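Participant: Quick one, start25.cif (mmCIF, C-alpha atoms and all ligand atoms):
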data_data
loop_
_atom_site.label_atom_id
_atom_site.label_comp_id
_atom_site.auth_asym_id
_atom_site.auth_seq_id
_atom_site.Cartn_x
_atom_site.Cartn_y
_atom_site.Cartn_z
CA MET A 539 0.00 0.00 0.00
CA ALA A 540 2.78 2.39 0.97
CA ASN A 541 4.53 1.67 -2.36
CA ALA A 542 1.33 2.46 -4.31
CA GLN A 543 0.94 5.72 -2.36
CA ASN A 544 4.54 6.61 -3.11
CA GLU A 545 3.97 5.96 -6.82
CA GLN A 546 0.77 8.06 -6.73
CA SER A 547 2.50 10.94 -5.02
CA LEU A 548 5.36 10.67 -7.52
CA GLU A 549 2.81 10.89 -10.37
CA ASP A 550 1.12 13.86 -8.69
CA ARG A 551 4.42 15.60 -8.20
CA LEU A 552 5.36 14.97 -11.84
CA ALA A 553 2.01 16.35 -13.00
CA GLU A 554 2.45 19.40 -10.79
CA ALA A 555 5.96 19.97 -12.12
CA GLN A 556 4.70 19.71 -15.72
CA ALA A 557 1.83 22.13 -14.98
CA LEU A 558 4.24 24.58 -13.35
CA ASP A 559 6.62 24.32 -16.29
CA ARG A 560 3.77 25.02 -18.69
CA ASP A 561 2.62 27.98 -16.62
CA CYS A 562 6.17 29.31 -16.74
CA THR A 563 6.26 29.08 -20.54
CA THR A 564 5.63 32.74 -21.07
CA LEU A 565 5.73 34.37 -24.48
CA SER A 566 9.25 35.80 -24.15
CA ARG A 567 10.65 32.44 -23.03
CA HIS A 568 8.86 30.70 -25.91
CA VAL A 569 10.23 33.16 -28.47
CA LEU A 570 13.79 32.47 -27.36
CA GLN A 571 13.07 28.73 -27.46
CA GLN A 572 11.75 29.12 -31.02
CA LEU A 573 14.78 31.11 -32.13
CA GLN A 574 17.13 28.72 -30.29
CA SER A 575 19.39 31.62 -29.75
CA PHE A 576 20.20 34.35 -27.26
CA SER A 577 21.73 36.58 -29.95
CA PRO A 578 20.96 40.33 -29.95
CA ASP A 579 18.53 39.80 -32.84
CA ALA A 580 16.75 37.03 -30.93
CA GLN A 581 16.61 39.22 -27.84
CA ASP A 582 15.16 42.03 -30.01
CA ILE A 583 12.39 39.80 -31.38
CA SER A 584 11.63 38.50 -27.90
CA ALA A 585 11.41 42.06 -26.57
CA LEU A 586 9.32 43.08 -29.57
CA MET A 587 6.84 40.26 -29.01
CA ASN A 588 6.70 41.22 -25.33
CA ARG A 589 5.76 44.77 -26.30
CA ILE A 590 3.02 43.47 -28.57
CA ALA A 591 1.76 41.38 -25.66
CA LEU A 592 1.80 44.50 -23.47
CA ALA A 593 -0.29 46.33 -26.05
CA GLY A 594 -2.70 43.40 -26.03
CA LYS A 595 -3.03 43.60 -22.26
CA PHE A 596 -3.76 47.33 -22.35
CA ILE A 597 -6.42 46.84 -25.04
CA ALA A 598 -7.95 43.80 -23.33
CA ARG A 599 -8.19 45.75 -20.07
CA ARG A 600 -9.95 48.62 -21.82
CA LEU A 601 -12.31 46.26 -23.66
CA THR A 602 -13.38 44.39 -20.53
CA ARG A 603 -14.41 47.70 -18.94
CA ALA A 604 -15.47 49.52 -22.15
CA GLY A 605 -19.13 49.61 -21.22
CA LEU A 606 -18.29 51.20 -17.88
CA VAL A 607 -15.61 53.66 -18.98
CA GLU A 608 -16.88 57.02 -20.10
CA ASP A 609 -16.11 57.68 -23.73
CA ALA A 610 -14.58 54.26 -24.49
CA LEU A 611 -17.15 53.19 -27.05
CA GLY A 612 -18.86 54.87 -29.97
CA PHE A 613 -17.55 56.87 -32.91
CA THR A 614 -15.02 59.69 -33.00
CA GLY A 615 -16.90 61.44 -35.78
CA SER A 616 -13.90 61.20 -38.12
CA VAL A 617 -13.32 58.97 -41.16
CA ASN A 618 -10.06 57.07 -41.71
CA VAL A 619 -8.02 56.61 -44.87
CA GLN A 620 -10.24 53.63 -45.69
CA GLY A 621 -13.29 55.90 -45.75
CA GLU A 622 -14.63 54.13 -42.66
CA SER A 623 -16.06 55.84 -39.59
CA VAL A 624 -13.46 55.63 -36.84
CA LYS A 625 -14.39 54.28 -33.41
CA LYS A 626 -12.87 55.62 -30.22
CA MET A 627 -11.47 52.18 -29.51
CA ASP A 628 -9.71 52.17 -32.93
CA ILE A 629 -7.81 55.32 -31.94
CA PHE A 630 -7.12 54.13 -28.41
CA ALA A 631 -5.72 50.81 -29.68
CA ASN A 632 -3.70 52.50 -32.42
CA ASP A 633 -2.12 54.85 -29.87
CA VAL A 634 -1.40 51.97 -27.46
CA PHE A 635 0.78 50.23 -30.07
CA ILE A 636 2.63 53.49 -30.71
CA SER A 637 3.15 54.13 -26.99
CA VAL A 638 4.49 50.67 -26.13
CA PHE A 639 7.18 51.03 -28.80
CA LYS A 640 8.41 54.49 -27.85
CA GLN A 641 11.79 54.41 -26.05
CA SER A 642 11.93 50.72 -27.00
CA GLY A 643 14.78 51.08 -29.48
CA LEU A 644 13.03 48.27 -31.32
CA VAL A 645 10.64 49.69 -33.87
CA CYS A 646 11.40 52.73 -35.96
CA ARG A 647 8.15 52.83 -37.90
CA LEU A 648 4.55 51.69 -37.46
CA ALA A 649 2.12 51.33 -40.37
CA SER A 650 -1.52 50.95 -39.44
CA GLU A 651 -4.98 50.80 -40.93
CA GLU A 652 -5.76 53.93 -38.93
CA MET A 653 -2.90 56.06 -40.29
CA GLU A 654 -2.57 57.25 -43.88
CA LYS A 655 1.24 57.24 -43.63
CA PRO A 656 3.54 55.33 -41.27
CA TYR A 657 4.31 56.78 -37.86
CA TYR A 658 8.03 57.25 -37.19
CA ILE A 659 9.68 57.01 -33.80
CA PRO A 660 12.85 58.96 -34.64
CA GLU A 661 14.67 58.10 -31.39
CA ASN A 662 14.40 54.42 -32.38
CA CYS A 663 15.37 54.79 -35.99
CA PRO A 664 19.19 54.71 -35.77
CA ILE A 665 18.91 51.44 -33.81
CA GLY A 666 15.44 50.10 -34.66
CA ARG A 667 15.54 47.88 -37.68
CA TYR A 668 11.93 46.77 -37.54
CA THR A 669 8.63 48.01 -38.88
CA LEU A 670 5.39 47.01 -37.20
CA VAL A 671 2.46 46.68 -39.60
CA TYR A 672 -0.84 46.32 -37.77
CA ASP A 673 -4.59 46.60 -37.62
CA PRO A 674 -5.11 47.82 -34.05
CA ILE A 675 -8.74 46.77 -33.74
CA ASP A 676 -10.07 44.44 -36.42
CA GLY A 677 -13.83 43.97 -36.40
CA SER A 678 -14.66 47.18 -34.57
CA SER A 679 -18.26 46.88 -35.79
CA ASN A 680 -18.55 44.19 -33.06
CA LEU A 681 -17.46 46.52 -30.27
CA ASP A 682 -20.80 48.05 -29.34
CA THR A 683 -22.44 44.63 -29.05
CA ASN A 684 -19.69 43.12 -26.88
CA LEU A 685 -18.64 40.56 -29.50
CA ASN A 686 -15.10 39.45 -30.22
CA VAL A 687 -12.60 41.74 -31.93
CA GLY A 688 -8.88 41.38 -32.57
CA SER A 689 -5.55 43.07 -33.30
CA ILE A 690 -3.47 41.80 -36.23
CA PHE A 691 0.28 42.39 -36.48
CA SER A 692 3.18 41.70 -38.78
CA ILE A 693 6.87 42.42 -38.30
CA ARG A 694 9.04 43.34 -41.25
CA GLN A 695 12.69 44.29 -41.53
CA GLN A 696 13.08 47.99 -42.26
CA GLU A 697 14.87 48.32 -45.59
CA GLY A 698 14.24 51.88 -46.72
CA THR A 699 14.94 55.28 -45.21
CA ASP A 700 12.39 57.33 -47.08
CA GLU A 701 12.02 60.90 -45.87
CA ASP A 702 8.62 61.45 -47.50
CA GLY A 703 7.01 58.67 -45.47
CA THR A 704 6.03 56.65 -48.53
CA ALA A 705 7.63 53.53 -46.99
CA LEU A 706 8.21 52.00 -50.43
CA ASP A 707 10.26 49.24 -48.80
CA LEU A 708 7.00 48.02 -47.25
CA LEU A 709 5.54 47.36 -50.70
CA GLN A 710 6.93 43.84 -50.86
CA HIS A 711 5.30 40.39 -50.87
CA GLY A 712 4.27 38.61 -47.70
CA ARG A 713 7.23 36.24 -47.71
CA LYS A 714 9.32 39.19 -46.47
CA GLN A 715 7.47 39.07 -43.14
CA ILE A 716 9.69 37.87 -40.28
CA ALA A 717 6.86 37.31 -37.80
CA ALA A 718 3.07 37.68 -37.70
CA GLY A 719 0.13 37.02 -35.44
CA TYR A 720 -2.98 38.33 -33.82
CA ILE A 721 -4.57 38.96 -30.44
CA LEU A 722 -8.13 37.71 -30.08
CA TYR A 723 -10.19 39.54 -27.46
CA GLY A 724 -12.87 36.98 -26.69
CA PRO A 725 -14.07 35.12 -23.58
CA SER A 726 -10.33 34.89 -22.94
CA THR A 727 -7.62 36.97 -24.56
CA MET A 728 -5.39 34.85 -26.79
CA LEU A 729 -2.21 35.76 -28.62
CA VAL A 730 -1.39 33.58 -31.64
CA TYR A 731 1.94 34.05 -33.42
CA SER A 732 4.58 32.56 -35.64
CA LEU A 733 8.23 33.39 -36.28
CA GLY A 734 8.33 30.92 -39.16
CA THR A 735 8.73 27.89 -36.91
CA GLY A 736 5.10 26.86 -36.46
CA VAL A 737 2.03 28.55 -35.00
CA HIS A 738 1.60 28.86 -31.24
CA ALA A 739 -1.21 30.17 -29.03
CA PHE A 740 -1.02 31.81 -25.61
CA THR A 741 -3.83 32.61 -23.20
CA LEU A 742 -3.67 35.70 -21.01
CA ASP A 743 -3.76 34.83 -17.32
CA PRO A 744 -5.01 38.12 -15.83
CA SER A 745 -3.98 37.02 -12.32
CA LEU A 746 -0.37 36.73 -13.53
CA GLY A 747 -0.55 39.42 -16.22
CA GLU A 748 1.23 36.94 -18.48
CA PHE A 749 0.39 35.19 -21.74
CA ILE A 750 0.83 31.48 -20.97
CA LEU A 751 1.41 28.79 -23.61
CA ALA A 752 -1.88 27.07 -24.50
CA ASN A 753 -1.31 25.36 -27.87
CA GLU A 754 2.01 24.67 -29.61
CA ASN A 755 2.59 23.86 -33.31
CA ILE A 756 -1.06 24.29 -34.30
CA THR A 757 -1.92 22.65 -37.62
CA VAL A 758 -5.08 23.40 -39.59
CA PRO A 759 -6.97 20.25 -40.74
CA GLU A 760 -6.53 19.45 -44.47
CA LYS A 761 -10.30 19.92 -44.81
CA GLY A 762 -12.98 21.18 -42.45
CA PRO A 763 -16.76 21.70 -42.16
CA ILE A 764 -16.81 25.49 -41.79
CA TYR A 765 -17.41 27.96 -44.60
CA SER A 766 -17.28 31.52 -43.31
CA VAL A 767 -18.58 34.24 -45.61
CA ASN A 768 -21.06 37.12 -45.57
CA GLU A 769 -23.76 35.63 -47.79
CA GLY A 770 -25.53 38.98 -47.78
CA ASN A 771 -23.05 39.88 -50.54
CA PHE A 772 -24.25 36.99 -52.76
CA TRP A 773 -25.84 39.42 -55.23
CA GLN A 774 -22.48 41.21 -55.65
CA TRP A 775 -20.29 38.17 -56.38
CA ASP A 776 -18.99 36.70 -59.60
CA ASP A 777 -20.88 33.62 -60.79
CA SER A 778 -17.95 31.40 -59.73
CA LEU A 779 -18.43 32.30 -56.05
CA ARG A 780 -22.18 31.88 -56.37
CA ASP A 781 -21.57 28.41 -57.84
CA TYR A 782 -19.30 27.58 -54.87
CA ILE A 783 -22.00 28.68 -52.41
CA ARG A 784 -24.64 26.67 -54.28
CA TYR A 785 -22.30 23.65 -54.05
CA VAL A 786 -21.92 23.87 -50.26
CA HIS A 787 -25.67 24.48 -49.92
CA ARG A 788 -26.31 21.21 -51.73
CA HIS A 789 -23.72 18.92 -50.14
CA GLU A 790 -23.65 17.39 -46.68
CA GLY A 791 -20.90 18.20 -44.23
CA TYR A 792 -20.77 22.01 -44.39
CA THR A 793 -21.64 24.48 -41.62
CA ALA A 794 -21.87 28.26 -42.00
CA ARG A 795 -20.18 30.38 -39.32
CA TYR A 796 -19.63 34.13 -39.72
CA GLY A 797 -18.85 36.47 -36.84
CA GLY A 798 -18.21 39.69 -38.75
CA ALA A 799 -14.70 40.03 -37.31
CA LEU A 800 -11.86 38.53 -39.33
CA VAL A 801 -9.69 37.50 -36.36
CA GLY A 802 -12.45 35.48 -34.67
CA ASP A 803 -13.55 33.85 -37.94
CA PHE A 804 -9.93 33.02 -38.82
CA HIS A 805 -9.23 31.63 -35.34
CA ARG A 806 -12.18 29.24 -35.68
CA ILE A 807 -10.92 28.03 -39.09
CA LEU A 808 -7.37 27.59 -37.72
CA PHE A 809 -8.61 25.20 -35.04
CA THR A 810 -11.50 23.39 -36.76
CA GLY A 811 -10.64 23.62 -40.46
CA GLY A 812 -12.67 24.98 -43.34
CA VAL A 813 -12.46 28.24 -45.29
CA PHE A 814 -13.04 31.96 -44.77
CA LEU A 815 -13.85 34.04 -47.81
CA TYR A 816 -14.12 37.72 -48.50
CA PRO A 817 -14.26 37.89 -52.31
CA GLY A 818 -14.41 40.98 -54.49
CA THR A 819 -17.86 42.53 -54.78
CA ILE A 820 -19.53 45.01 -57.15
CA LYS A 821 -18.93 47.77 -54.59
CA LYS A 822 -15.41 46.59 -53.72
CA PRO A 823 -14.03 44.65 -56.73
CA GLU A 824 -10.65 44.31 -54.99
CA GLY A 825 -12.32 42.98 -51.85
CA LYS A 826 -12.73 44.72 -48.49
CA LEU A 827 -9.81 43.33 -46.49
CA ARG A 828 -6.41 45.00 -46.57
CA LEU A 829 -3.36 43.14 -47.80
CA LEU A 830 -0.45 44.36 -45.66
CA TYR A 831 -1.97 44.30 -42.19
CA GLU A 832 -4.88 41.87 -42.41
CA SER A 833 -4.51 39.27 -45.18
CA ALA A 834 -0.72 38.90 -45.38
CA PRO A 835 -0.16 38.30 -41.63
CA LEU A 836 -2.96 35.70 -41.55
CA ALA A 837 -1.62 34.13 -44.75
CA TYR A 838 1.79 33.81 -43.04
CA LEU A 839 0.12 32.03 -40.11
CA ILE A 840 -2.07 29.71 -42.17
CA GLU A 841 0.87 28.58 -44.32
CA GLN A 842 2.85 27.90 -41.13
CA ALA A 843 -0.12 25.83 -39.92
CA GLY A 844 -0.24 23.81 -43.16
CA GLY A 845 -3.08 25.67 -44.85
CA ARG A 846 -3.36 28.19 -47.70
CA ALA A 847 -4.37 31.76 -48.44
CA SER A 848 -5.34 32.86 -51.95
CA THR A 849 -6.79 35.84 -53.81
CA GLY A 850 -8.65 33.21 -55.85
CA THR A 851 -5.98 33.17 -58.53
CA GLN A 852 -2.72 33.83 -56.62
CA ASP A 853 -1.20 32.98 -53.23
CA ILE A 854 -1.68 35.97 -50.90
CA MET A 855 1.93 35.61 -49.78
CA ASP A 856 3.14 36.31 -53.34
CA VAL A 857 1.09 39.47 -53.92
CA VAL A 858 3.24 42.62 -54.15
CA PRO A 859 1.24 45.64 -52.97
CA GLU A 860 1.29 48.87 -54.98
CA GLU A 861 0.18 50.99 -52.05
CA LEU A 862 0.11 50.73 -48.27
CA HIS A 863 -3.66 50.32 -47.84
CA GLN A 864 -4.25 48.05 -50.82
CA ARG A 865 -7.22 45.70 -50.51
CA THR A 866 -7.39 42.10 -51.72
CA PRO A 867 -9.93 39.31 -52.12
CA LEU A 868 -9.18 36.68 -49.45
CA ILE A 869 -9.82 32.93 -49.45
CA ILE A 870 -8.01 31.36 -46.48
CA GLY A 871 -8.08 28.10 -44.54
CA SER A 872 -7.69 24.37 -45.09
CA LYS A 873 -5.77 23.39 -48.23
CA GLU A 874 -8.58 21.29 -49.71
CA ASP A 875 -11.28 23.88 -49.00
CA VAL A 876 -9.28 26.75 -50.51
CA ALA A 877 -8.55 24.58 -53.55
CA LEU A 878 -12.27 23.82 -53.94
CA VAL A 879 -13.13 27.54 -54.06
CA GLU A 880 -10.28 28.15 -56.53
CA SER A 881 -11.58 25.32 -58.74
CA PHE A 882 -14.86 27.19 -59.27
CA ILE A 883 -12.94 30.37 -60.16
CA LYS A 884 -10.67 28.46 -62.55
CA GLU A 885 -13.68 26.73 -64.16
CA GLN A 886 -15.40 30.07 -64.78
CA SER A 887 -12.28 31.63 -66.32
CA ARG A 888 -11.88 28.49 -68.52
CA GLN A 889 -15.45 28.86 -69.76
CA VAL A 890 -14.98 32.58 -70.42
CA THR A 891 -11.76 31.85 -72.35
CA ASN A 892 -13.48 29.21 -74.47
CA THR A 893 -16.47 31.42 -75.43
P1 LIG A 901 -18.76 42.70 -43.63
C1 LIG A 901 -14.41 44.26 -39.99
O1 LIG A 901 -14.93 45.52 -40.36
C2 LIG A 901 -13.75 43.66 -41.20
O2 LIG A 901 -12.73 44.47 -41.67
C3 LIG A 901 -13.25 42.26 -40.88
O3 LIG A 901 -12.85 42.13 -39.57
C4 LIG A 901 -14.45 41.39 -41.20
O4 LIG A 901 -14.08 40.09 -41.61
C5 LIG A 901 -15.13 42.15 -42.32
O5 LIG A 901 -14.74 43.51 -42.22
C6 LIG A 901 -16.64 42.06 -42.21
O6 LIG A 901 -17.18 42.77 -43.33
O7 LIG A 901 -18.90 43.40 -44.95
O8 LIG A 901 -19.12 41.21 -43.71
O9 LIG A 901 -19.44 43.38 -42.48
#
Using structure tokens, write down the structure from this file.
Facilitator:
Amino acid sequence: MANAQNEQSLEDRLAEAQALDRDCTTLSRHVLQQLQSFSPDAQDISALMNRIALAGKFIARRLTRAGLVEDALGFTGSVNVQGESVKKMDIFANDVFISVFKQSGLVCRLASEEMEKPYYIPENCPIGRYTLVYDPIDGSSNLDTNLNVGSIFSIRQQEGTDEDGTALDLLQHGRKQIAAGYILYGPSTMLVYSLGTGVHAFTLDPSLGEFILANENITVPEKGPIYSVNEGNFWQWDDSLRDYIRYVHRHEGYTARYGGALVGDFHRILFTGGVFLYPGTIKKPEGKLRLLYESAPLAYLIEQAGGRASTGTQDIMDVVPEELHQRTPLIIGSKEDVALVESFIKEQSRQVTNT
């Protein structure tokens, strides 16, 4: 009996040690593990990711109290470069990312959905070699109804020193990204990122104030049941997309899920498989989603997770933007599901060519 108790306590102690080790796998420790290096560059990326996590904590804190804090919700009355009405939370979140990188020596320039031109932090520029490209609050239409929103980020090496703020060095394909991820503000706050060595998810433990490792080396299923699209745009789509929707309507095994916020819809696809689509429409032939700070970072992640991201005719990661706020059609998710959508587009273009 004593021996059995000893074995049990040994098992318990082992389980406790493993749980403690997991709880100690914070984001900064994980980044260094991923880079397998303590070089200055590795330390920079670790510090950079820590700053992004800090921004996430600030935004999460504001969101959890938004309904109680005077002036946190609602519109500012201004319109951003996208022609969209700006919410107070958009500005707050945009400014949080700028603030956490001041005096960091890490990031010289920030390019955001909310700013027509990049924001420079001159004191960082002689040292800072990185540019942060981000969408501070994605899905802000969900804010006033307490539904999930997210922040999307991408880290690129700074290659140009343009004085006129055109940031031409940013107009390069998505394979130039050195890291990408998002923060999902949902029932819990999760940070999902990749440095090119797999996709990993962390959950914010508010009692610790730390993002703790939750899922490592996430892989998207080859095929999944979810199709995520705003079917209210059906009347605006090309026939090929209508044919795809008719196909899923008529075949067993598909489930529609659409939350109206890209990060939440993507996160679901990442874990359960399937496809998210935002195709071009009559009103927005190039699509609604932006390339540099929405589609390209998520394309980086999905490829790292074994999936795909396409415009319908080209991999998102290969698209070279012509301007900072360029939009793109987006089809992203499981390999087989993305390929199925592309097959309808290819079939239509074949028919058009043959007529
Ligand atoms: P629609 C939010 O405004 C956003 O940019 C994405 O987060 C989301 O996927 C999309 O627009 C929703 O657009 O036209 O379906 O409301």
Participant: Could you tell me how far atom CA of Ala752 of chain A sits from atom CA of Gln574 of chain A, in Å to one decimal place?
Facilitator: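 Atom CA of Ala752 of chain A lies at a distance of 19.9 Å from atom CA of Gln574 of chain A.
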Participant: Under the rule of at most 9 Å, produce a per-residue listing of chain A near ligand LIG 901 (chain A): chain, number, name, the closest pair of atoms, and the distance in Å, as JSON lines, using all atoms listed in the file.
Facilitator:
{"residue": "A:Glu622", "atom": "CA", "partner": "A:LIG901", "partner_atom": "O1", "distance": 8.9}
{"residue": "A:Ile675", "atom": "CA", "partner": "A:LIG901", "partner_atom": "O3", "distance": 8.5}
{"residue": "A:Asp676", "atom": "CA", "partner": "A:LIG901", "partner_atom": "O3", "distance": 4.8}
{"residue": "A:Gly677", "atom": "CA", "partner": "A:LIG901", "partner_atom": "C1", "distance": 3.6}
{"residue": "A:Ser678", "atom": "CA", "partner": "A:LIG901", "partner_atom": "O1", "distance": 6.0}
{"residue": "A:Ser679", "atom": "CA", "partner": "A:LIG901", "partner_atom": "O1", "distance": 5.8}
{"residue": "A:Asn680", "atom": "CA", "partner": "A:LIG901", "partner_atom": "C1", "distance": 8.1}
{"residue": "A:Val687", "atom": "CA", "partner": "A:LIG901", "partner_atom": "O3", "distance": 7.7}
{"residue": "A:Gly688", "atom": "CA", "partner": "A:LIG901", "partner_atom": "O3", "distance": 8.1}
{"residue": "A:Val767", "atom": "CA", "partner": "A:LIG901", "partner_atom": "O8", "distance": 7.2}
{"residue": "A:Asn768", "atom": "CA", "partner": "A:LIG901", "partner_atom": "O8", "distance": 4.9}
{"residue": "A:Glu769", "atom": "CA", "partner": "A:LIG901", "partner_atom": "O8", "distance": 8.3}
{"residue": "A:Gly770", "atom": "CA", "partner": "A:LIG901", "partner_atom": "O8", "distance": 7.9}
{"residue": "A:Asn771", "atom": "CA", "partner": "A:LIG901", "partner_atom": "O7", "distance": 7.8}
{"residue": "A:Tyr796", "atom": "CA", "partner": "A:LIG901", "partner_atom": "O8", "distance": 8.1}
{"residue": "A:Gly797", "atom": "CA", "partner": "A:LIG901", "partner_atom": "O4", "distance": 7.7}
{"residue": "A:Gly798", "atom": "CA", "partner": "A:LIG901", "partner_atom": "C6", "distance": 4.5}
{"residue": "A:Ala799", "atom": "CA", "partner": "A:LIG901", "partner_atom": "O3", "distance": 3.6}
{"residue": "A:Leu800", "atom": "CA", "partner": "A:LIG901", "partner_atom": "O4", "distance": 3.5}
{"residue": "A:Val801", "atom": "CA", "partner": "A:LIG901", "partner_atom": "O3", "distance": 6.5}
{"residue": "A:Gly802", "atom": "CA", "partner": "A:LIG901", "partner_atom": "O3", "distance": 8.3}
{"residue": "A:Asp803", "atom": "CA", "partner": "A:LIG901", "partner_atom": "O4", "distance": 7.3}
{"residue": "A:Phe804", "atom": "CA", "partner": "A:LIG901", "partner_atom": "O4", "distance": 8.7}
{"residue": "A:Phe814", "atom": "CA", "partner": "A:LIG901", "partner_atom": "O4", "distance": 8.8}
{"residue": "A:Leu815", "atom": "CA", "partner": "A:LIG901", "partner_atom": "O4", "distance": 8.7}
{"residue": "A:Tyr816", "atom": "CA", "partner": "A:LIG901", "partner_atom": "O4", "distance": 7.3}
{"residue": "A:Lys826", "atom": "CA", "partner": "A:LIG901", "partner_atom": "O5", "distance": 6.7}
{"residue": "A:Leu827", "atom": "CA", "partner": "A:LIG901", "partner_atom": "O2", "distance": 5.7}
{"residue": "A:Arg828", "atom": "CA", "partner": "A:LIG901", "partner_atom": "O2", "distance": 8.0}
{"residue": "A:Glu832", "atom": "CA", "partner": "A:LIG901", "partner_atom": "O2", "distance": 8.3}
Participant: Measuring between only C-alpha atoms, which one of A:Leu586, A:Ala555, A:Val671, A:Ala591 shows the shortest distance to Asp743 of chain A?
Facilitator: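 Between A:Leu586, A:Ala555, A:Val671, A:Ala591, the residue approaching Asp743 of chain A most closely is A:Ala591.
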Participant: At a cut-off of 12 Å, using all atoms listed in the file, what residues contact Ile783 of chain A? Leave out same-chain residues fewer than 5 positions from it and give the result as a list in words.
Facilitator: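 Result of the neighbour search: Tyr765, Ser766, Val767, Asn768, Glu769, Gly770, Asn771, Phe772, Trp773, Trp775, Asp776, Asp777, Ser778, Arg788, His789, Tyr792, Thr793, Ala794, Val813, Leu815, Leu878, Val879 and Phe882 of chain A.
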Participant: Would you mind exporting C-alpha atoms of the selected residues as a PDB file, keeping the file's coordinate frame?
Facilitator:
ATOM      1  CA  TYR A 765     -17.410  27.960 -44.600  1.00  0.00           C
ATOM      2  CA  SER A 766     -17.280  31.520 -43.310  1.00  0.00           C
ATOM      3  CA  VAL A 767     -18.580  34.240 -45.610  1.00  0.00           C
ATOM      4  CA  ASN A 768     -21.060  37.120 -45.570  1.00  0.00           C
ATOM      5  CA  GLU A 769     -23.760  35.630 -47.790  1.00  0.00           C
ATOM      6  CA  GLY A 770     -25.530  38.980 -47.780  1.00  0.00           C
ATOM      7  CA  ASN A 771     -23.050  39.880 -50.540  1.00  0.00           C
ATOM      8  CA  PHE A 772     -24.250  36.990 -52.760  1.00  0.00           C
ATOM      9  CA  TRP A 773     -25.840  39.420 -55.230  1.00  0.00           C
ATOM     10  CA  TRP A 775     -20.290  38.170 -56.380  1.00  0.00           C
ATOM     11  CA  ASP A 776     -18.990  36.700 -59.600  1.00  0.00           C
ATOM     12  CA  ASP A 777     -20.880  33.620 -60.790  1.00  0.00           C
ATOM     13  CA  SER A 778     -17.950  31.400 -59.730  1.00  0.00           C
ATOM     14  CA  ARG A 788     -26.310  21.210 -51.730  1.00  0.00           C
ATOM     15  CA  HIS A 789     -23.720  18.920 -50.140  1.00  0.00           C
ATOM     16  CA  TYR A 792     -20.770  22.010 -44.390  1.00  0.00           C
ATOM     17  CA  THR A 793     -21.640  24.480 -41.620  1.00  0.00           C
ATOM     18  CA  ALA A 794     -21.870  28.260 -42.000  1.00  0.00           C
ATOM     19  CA  VAL A 813     -12.460  28.240 -45.290  1.00  0.00           C
ATOM     20  CA  LEU A 815     -13.850  34.040 -47.810  1.00  0.00           C
ATOM     21  CA  LEU A 878     -12.270  23.820 -53.940  1.00  0.00           C
ATOM     22  CA  VAL A 879     -13.130  27.540 -54.060  1.00  0.00           C
ATOM     23  CA  PHE A 882     -14.860  27.190 -59.270  1.00  0.00           C
TER      24      PHE A 882
END
Participant: Identify which of the residues A:Asn684, A:Ser689, A:Ser642, A:Asn541 lies closest to Tyr668 of chain A, counting all atoms listed in the file when measuring atom-to-atom distances.
Facilitator: A:Ser642
Participant: Name the residues in contact with segment 662-666 of chain A at a cut-off of 9 Å, using all atoms listed in the file, excluding same-chain residues fewer than 3 positions from it; report them as a list in words.
Facilitator: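 Near segment 662-666 of chain A, the qualifying residues are Phe639, Lys640, Gln641, Ser642, Gly643, Leu644, Val645, Cys646, Arg647, Tyr658, Ile659, Thr669 and Gln696 of chain A.
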Participant: For segment 549-558 of chain A, which lacks atoms in the input, supply N, CA and C atoms and format the output as an mmCIF file, in the frame of the given file.
Facilitator:
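Below you can see result-v3.cif, which holds the result:
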data_model
loop_
_atom_site.group_PDB
_atom_site.id
_atom_site.type_symbol
_atom_site.label_atom_id
_atom_site.label_comp_id
_atom_site.auth_asym_id
_atom_site.auth_seq_id
_atom_site.Cartn_x
_atom_site.Cartn_y
_atom_site.Cartn_z
ATOM 1 N N GLU A 549 3.554 10.472 -9.165
ATOM 2 C CA GLU A 549 2.810 10.890 -10.370
ATOM 3 C C GLU A 549 2.253 12.300 -10.180
ATOM 4 N N ASP A 550 1.697 12.528 -8.967
ATOM 5 C CA ASP A 550 1.120 13.860 -8.690
ATOM 6 C C ASP A 550 2.193 14.932 -8.801
ATOM 7 N N ARG A 551 3.343 14.607 -8.201
ATOM 8 C CA ARG A 551 4.420 15.600 -8.200
ATOM 9 C C ARG A 551 4.904 15.855 -9.622
ATOM 10 N N LEU A 552 4.935 14.817 -10.435
ATOM 11 C CA LEU A 552 5.360 14.970 -11.840
ATOM 12 C C LEU A 552 4.365 15.849 -12.583
ATOM 13 N N ALA A 553 3.068 15.568 -12.329
ATOM 14 C CA ALA A 553 2.010 16.350 -13.000
ATOM 15 C C ALA A 553 2.088 17.810 -12.572
ATOM 16 N N GLU A 554 2.344 18.010 -11.300
ATOM 17 C CA GLU A 554 2.450 19.400 -10.790
ATOM 18 C C GLU A 554 3.630 20.111 -11.440
ATOM 19 N N ALA A 555 4.745 19.381 -11.542
ATOM 20 C CA ALA A 555 5.960 19.970 -12.120
ATOM 21 C C ALA A 555 5.704 20.332 -13.585
ATOM 22 N N GLN A 556 4.977 19.437 -14.299
ATOM 23 C CA GLN A 556 4.700 19.710 -15.720
ATOM 24 C C GLN A 556 3.775 20.916 -15.850
ATOM 25 N N ALA A 557 2.783 20.997 -14.934
ATOM 26 C CA ALA A 557 1.830 22.130 -14.980
ATOM 27 C C ALA A 557 2.569 23.432 -14.679
ATOM 28 N N LEU A 558 3.480 23.371 -13.717
ATOM 29 C CA LEU A 558 4.240 24.580 -13.350
ATOM 30 C C LEU A 558 5.130 25.002 -14.517
#
